[in-house]
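Student: Following this message is one structure expressed as structure tokens.
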Amino acid sequence: MEEKSRNFIEQFIDQDLAEGVYDRVQTRFPPEPNGYLHIGHAKSILLNYGIAKEYGGKFSLRFDDTNPTKEKNEFVESIERDVRWLGADFEDRLFFASDYFDKMYEVALILIKQGKAYVSDLTADEIREYRGTLTEPGRNDPNRDRSVEENLDLFTRMRDGEFADGEKTLRARIDMASPNINMRDPILYRVAHLAHQHTGDKWCIYPMYDFAHPLEDAFEGVTHSLCTLEFEDHRPLYDWVVREPGIFPNPPRQIEFSKMYLTNVVTGKRYIKRLVEQGIVDGWDDPRLVSISGLRRRGFTPSSIAKFVELCGISKSQASADYAALEYCIREDLKNDSRRMMAVLDPVKLVIDNYPEGQVEYLTVENNKENPELGSREVPFTKELFVEREDFMAEPVKKYFRLFPGNEVRLMNAYFVTCTGYETDENGMVSVIHATYDPDTRGGDSPDGRKVKGTIHWVSASEGVPIEVRLYENIIDEEKGVYNEDGSLNLNPNSLTVCHAVGEPELGRAKVYDRFQFVRSGFFCVDSKDSEEGKPVYNRIVSLKSSFVLPKQ
């Protein structure tokens, strides 16, 4: 059997273990709790968890909560729920950056005492001006040569709340002429008189992300810090922070990989927030969004998302994946494990005139012919049924094989029926279709061997249950692209269609997150937000047709 090729991250880790750089593997997923997770985050979650599991190591979830202006406990709770749902088991290894504020402060003191950090009086605008450009070196901060004693005094007074927001910062003393702008004396701490959701009013100075993040990894014993490519230019600063204090004998190694982009979807938090606030969607978990909570509510499974991440692969090359690939993965996940039920989304009544009045006949129907283990069910059949409006044409077009006057079709798993006529309402719409049935064709086959070209599904008018069905399209108008020139979104006005449908009795008893294949219509899931006991709302997860072609291996 051919051995599976190893991606570049696995190759780096194999080398580190072989050379004794580390004797174990520990990874983490470190989100900032300033919004809900989306499909792109799933790649990082599953990669970090998968690597830890592969090497028998540890995986943790850590919230980088160093910016109290944007962070909420609501986001903490949603992220924790999403990570668990994806199957990334962090056991009791749940951490917060704010847990380490005291330790970070101590590291800052070490750097000051070593002459590697200083307190600056420059404003934010002045710091940007002094920093230089990509082609010109920066200029030294006028406060760069303050004594260790003065810096210790000022930094202590920053912590004690003597200075206003923006009045002082703590900067690393590195190299204002570095070709990497991130290394031009970056800010380590800023003054911010803000209450924190975890630490309250204890602190009025907060560490910057580029200082806090590597220290968090080092404090926790992370061996490999796996992050996306935008942090590649920050890696020298990451290494500087964990190396220069001299207190971490075996600091973590940062390795970058490409993000996962989906074409024609909205992932930006500020855009999703705008959609939520304007009532265009009904929350961060709206099934039209590719937030993890939205995908879960729509009916996607953790295994389908894992399959999609695997399909996209791990590399350093930026590339976009088609949403059709994600749809392919959920179809593959559900097609053999879903019960196939009948639901009529746009119902019109079909009356079988020669069927016994008041009779209810129960037909035994397999739940999934490809998977006998799913068993069978009893479906009620009566004189009056509902069928799809599109399954009847008074004047059929060429090669139309469904119901029209004089034509015989098969009612799925039931009988052959011949259309004998129809009625219309005051607007000229077909309101009732009339037919006769052949009692000898029970089960859908004719004893005399005659064939019919059309097979349609149906639901008993008296025994079926009313259900609400929601059909989704991309919230973005794909022909126009995601954004307009002014930065607004090109929204699809038809992204949601609500159908007042009729389904088999069993569909009325379904529970939240129950999934079914509706014959000819697609895969559906009971909505977790708007469903009530005995009144399920169904979200279409995906249609049955696919435009995605699996790449050749």
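Ordering of the structure tokens sets the chain letters (A, B, ...); residue numbers start at 1 within each chain; ligands are numbered from 1 in the order shown.
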Can you list, as a ChimeraX atom specification, every protein, DNA or RNA residue that comes within 6 Å of segment 185-193 of chain A when you count only C-alpha atoms, leaving out same-chain residues fewer than 3 positions away?
Tutor: /A:165-166,169-174,204-208,211
Student: Would you save the residues of that selection, restricted to N, CA and C atoms, as an mmCIF file, in the first residue's frame?
Tutor:
data_model
loop_
_atom_site.group_PDB
_atom_site.id
_atom_site.type_symbol
_atom_site.label_atom_id
_atom_site.label_comp_id
_atom_site.auth_asym_id
_atom_site.auth_seq_id
_atom_site.Cartn_x
_atom_site.Cartn_y
_atom_site.Cartn_z
ATOM 1 N N ASP A 165 -4.735 57.445 28.120
ATOM 2 C CA ASP A 165 -4.644 56.572 26.947
ATOM 3 C C ASP A 165 -3.825 57.249 25.856
ATOM 4 N N GLY A 166 -2.852 56.519 25.319
ATOM 5 C CA GLY A 166 -2.040 57.039 24.234
ATOM 6 C C GLY A 166 -0.888 57.917 24.665
ATOM 7 N N THR A 169 3.809 54.533 25.682
ATOM 8 C CA THR A 169 3.850 53.145 25.229
ATOM 9 C C THR A 169 5.182 52.537 25.652
ATOM 10 N N LEU A 170 5.193 51.206 25.741
ATOM 11 C CA LEU A 170 6.454 50.496 25.933
ATOM 12 C C LEU A 170 6.845 49.898 24.597
ATOM 13 N N ARG A 171 8.073 50.200 24.140
ATOM 14 C CA ARG A 171 8.535 49.720 22.830
ATOM 15 C C ARG A 171 9.748 48.814 23.008
ATOM 16 N N ALA A 172 9.870 47.845 22.105
ATOM 17 C CA ALA A 172 11.075 47.004 22.069
ATOM 18 C C ALA A 172 12.199 47.796 21.413
ATOM 19 N N ARG A 173 13.416 47.662 21.912
ATOM 20 C CA ARG A 173 14.580 48.297 21.280
ATOM 21 C C ARG A 173 15.247 47.257 20.379
ATOM 22 N N ILE A 174 14.939 47.345 19.080
ATOM 23 C CA ILE A 174 15.484 46.335 18.155
ATOM 24 C C ILE A 174 16.326 47.013 17.080
ATOM 25 N N CYS A 204 -4.692 48.721 33.478
ATOM 26 C CA CYS A 204 -4.966 49.840 32.566
ATOM 27 C C CYS A 204 -3.891 49.907 31.485
ATOM 28 N N ILE A 205 -3.023 48.897 31.459
ATOM 29 C CA ILE A 205 -2.102 48.711 30.333
ATOM 30 C C ILE A 205 -2.341 47.299 29.786
ATOM 31 N N TYR A 206 -2.278 47.192 28.479
ATOM 32 C CA TYR A 206 -2.533 45.897 27.848
ATOM 33 C C TYR A 206 -1.441 45.594 26.824
ATOM 34 N N PRO A 207 -1.008 44.325 26.772
ATOM 35 C CA PRO A 207 0.048 43.945 25.825
ATOM 36 C C PRO A 207 -0.482 43.921 24.399
ATOM 37 N N MET A 208 0.371 44.230 23.457
ATOM 38 C CA MET A 208 0.024 44.133 22.045
ATOM 39 C C MET A 208 0.059 42.664 21.623
ATOM 40 N N PHE A 211 3.355 40.827 21.023
ATOM 41 C CA PHE A 211 4.110 40.539 22.238
ATOM 42 C C PHE A 211 3.432 39.422 23.031
#
Student: Give me, as a tab-separated table, each residue of segment 47-73 of chain A that comes within 6 Å of segment 32-35 of chain A, together with its shortest interatomic pair and the distance in Å at one decimal, counting only C-alpha atoms, with rows ordered by chain and rising residue number.
Tutor:
residue	atom	partner	partner_atom	distance
A:Phe63	CA	A:Glu32	CA	5.6
A:Asp64	CA	A:Glu32	CA	4.7
A:Asp65	CA	A:Glu32	CA	5.8
A:Lys70	CA	A:Asn34	CA	5.3
A:Glu71	CA	A:Asn34	CA	4.5
Student: Mind writing the picked residues with N, CA and C atoms as a short mmCIF file (atom, residue, chain, number, x, y, z; two decimals), in the first residue's frame?
Tutor:
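The resulting file, again.cif, is reproduced below:
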data_model
loop_
_atom_site.label_atom_id
_atom_site.label_comp_id
_atom_site.auth_asym_id
_atom_site.auth_seq_id
_atom_site.Cartn_x
_atom_site.Cartn_y
_atom_site.Cartn_z
N PHE A 63 -7.96 31.69 24.12
CA PHE A 63 -8.52 32.95 23.65
C PHE A 63 -7.50 34.07 23.81
N ASP A 64 -7.17 34.70 22.70
CA ASP A 64 -6.25 35.85 22.73
C ASP A 64 -7.06 37.10 23.07
N ASP A 65 -7.42 37.23 24.32
CA ASP A 65 -8.30 38.31 24.76
C ASP A 65 -7.51 39.48 25.32
N LYS A 70 -13.15 45.04 21.76
CA LYS A 70 -13.89 44.29 20.75
C LYS A 70 -14.37 42.92 21.22
N GLU A 71 -14.01 42.54 22.41
CA GLU A 71 -14.23 41.15 22.83
C GLU A 71 -15.43 41.02 23.76
#
Student: Looking only at the backbone, which of the residues in segment 153-202 of chain A does DSSP tag as alpha helix (DSSP H), as number ranges by chain?
Tutor: A: 153-159
Student: In Å, how far is it from atom CA of Phe90 of chain A to atom CA of Leu46 of chain A?
Tutor: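 Atom CA of Leu46 of chain A lies 11.6 Å from atom CA of Phe90 of chain A.
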Student: Counting only C-alpha atoms, which of A:Val21, A:Val379, A:Ala324, A:Leu374 gets nearest to Val542 of chain A?
Tutor: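 That would be A:Ala324, the residue with the smallest distance to Val542 of chain A.
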Student: Compare A:Gln15, A:Asn7, A:Thr199, A:Thr133 by their minimum atom-to-atom distance to Asn67 of chain A, counting only C-alpha atoms, and give me the closest one.
Tutor: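 Ranked by minimum distance to Asn67 of chain A, first place goes to A:Thr199.
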Student: Check the smallest atom-to-atom distance from each of A:Tyr513, A:Arg297, A:Gly358, A:Glu426 to Gly283 of chain A using only C-alpha atoms, then report the winner.
Tutor: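 For Gly283 of chain A, the nearest of the given residues is A:Arg297.
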Student: Go through A:Cys419, A:Ala97, A:Leu289, A:Met260 and flag the residue nearest Gln197 of chain A, using only C-alpha atoms for the distances.
Tutor: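 For Gln197 of chain A, the nearest of the given residues is A:Ala97.
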Student: Can you tell me which residues surround Met342 of chain A at a distance of at most 8 Å, considering only C-alpha atoms, apart from same-chain residues fewer than 3 positions away, and format the answer as a VMD selection string?
Tutor: chain A and resid 457 to 459 503 to 504 518 to 519
Student: Can you pull out the residues contacting Asp391 of chain A? Cut-off 8 Å, using only C-alpha atoms, and skip same-chain residues under 5 positions away; I want them as a ChimeraX atom specification.
Tutor: /A:402-403,456
Student: So which one's closest to Ile314 of chain A, A:Glu256, A:Asp145, A:Asp333, A:Glu423? Using only C-alpha atoms, please.
Tutor: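 For Ile314 of chain A, the nearest of the given residues is A:Glu256.
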Student: Between atom CA of Cys227 of chain A and atom CA of Asp89 of chain A, measure the distance and give it in Å to one decimal.
Tutor: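 The value is 19.0 Å.
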Student: Let's see if you can do this: from backbone DSSP, list all strand (DSSP E or B) residues in segment 380-545 of chain A, as a PyMOL selection string.
Tutor: chain A and resi 380-381+384-388+392+403+408-411+416-424+430-438+455-456+459-460+465-472+476+483+489+491+496-503+515-518+522-526+532+535+537-542
Student: Hey, which of A:His198, A:Lys269, A:Arg515, A:Lys113 ends up closest to Pro245 of chain A? Count only C-alpha atoms.
Tutor: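 Checking each of A:His198, A:Lys269, A:Arg515, A:Lys113 against Pro245 of chain A, counting only C-alpha atoms, the winner is A:Lys113.
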Student: Leaving out Leu544 of chain A and any residue of its chain fewer than 2 positions from it, which residues lie within 8 Å of it when counting only C-alpha atoms, given as a PyMOL selection string?
Tutor: chain A and resi 331+520-523+542+546
Student: May I have the selected residues written with C-alpha atoms, as an mmCIF file, in the first residue's frame?
Tutor:
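To be explicit, this is the file written out as result-v3.cif:
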data_model
loop_
_atom_site.group_PDB
_atom_site.id
_atom_site.type_symbol
_atom_site.label_atom_id
_atom_site.label_comp_id
_atom_site.auth_asym_id
_atom_site.auth_seq_id
_atom_site.Cartn_x
_atom_site.Cartn_y
_atom_site.Cartn_z
ATOM 1 C CA ARG A 331 -23.713 15.125 -0.193
ATOM 2 C CA ARG A 520 -36.091 14.887 -5.816
ATOM 3 C CA SER A 521 -35.546 18.057 -3.735
ATOM 4 C CA GLY A 522 -32.320 17.668 -1.767
ATOM 5 C CA PHE A 523 -31.047 17.116 1.754
ATOM 6 C CA VAL A 542 -27.940 21.197 -0.379
ATOM 7 C CA SER A 546 -23.726 18.825 -8.142
#
Student: Could you pull the residues within 8 Å of Ala510 of chain A, counting only C-alpha atoms, minus those fewer than 4 positions along the same chain, as a ChimeraX atom specification?
Tutor: /A:506,514,526,534,536
Student: Keeping all heavy atoms, export the residues of the selection given above as a compact mmCIF listing (two decimals), in the first residue's frame.
Tutor:
# COMPACT_ATOMS: atom_id res chain seq x y z
N GLU A 506 -44.26 11.41 9.41
CA GLU A 506 -43.04 11.31 10.22
C GLU A 506 -42.25 12.61 10.23
O GLU A 506 -41.57 12.93 11.20
CB GLU A 506 -42.17 10.16 9.71
CG GLU A 506 -41.03 9.81 10.65
CD GLU A 506 -40.34 8.52 10.28
OE1 GLU A 506 -40.95 7.70 9.55
OE2 GLU A 506 -39.20 8.32 10.72
N ASP A 514 -32.38 16.70 13.02
CA ASP A 514 -32.67 15.51 12.23
C ASP A 514 -32.49 15.85 10.75
O ASP A 514 -32.91 16.92 10.29
CB ASP A 514 -34.10 15.02 12.46
CG ASP A 514 -34.27 14.26 13.76
OD1 ASP A 514 -33.25 13.97 14.42
OD2 ASP A 514 -35.43 13.94 14.12
N VAL A 526 -33.70 19.81 10.24
CA VAL A 526 -34.64 20.55 11.08
C VAL A 526 -33.91 21.71 11.74
O VAL A 526 -32.89 21.53 12.41
CB VAL A 526 -35.25 19.62 12.15
CG1 VAL A 526 -36.21 20.42 13.05
CG2 VAL A 526 -35.99 18.46 11.49
N GLY A 534 -43.50 19.56 17.32
CA GLY A 534 -44.56 19.23 16.38
C GLY A 534 -44.68 20.16 15.20
O GLY A 534 -45.52 19.96 14.32
N PRO A 536 -41.81 21.40 12.98
CA PRO A 536 -40.42 21.58 12.53
C PRO A 536 -40.33 22.50 11.32
O PRO A 536 -41.22 22.54 10.48
CB PRO A 536 -39.99 20.15 12.17
CG PRO A 536 -41.26 19.47 11.80
CD PRO A 536 -42.32 20.06 12.69
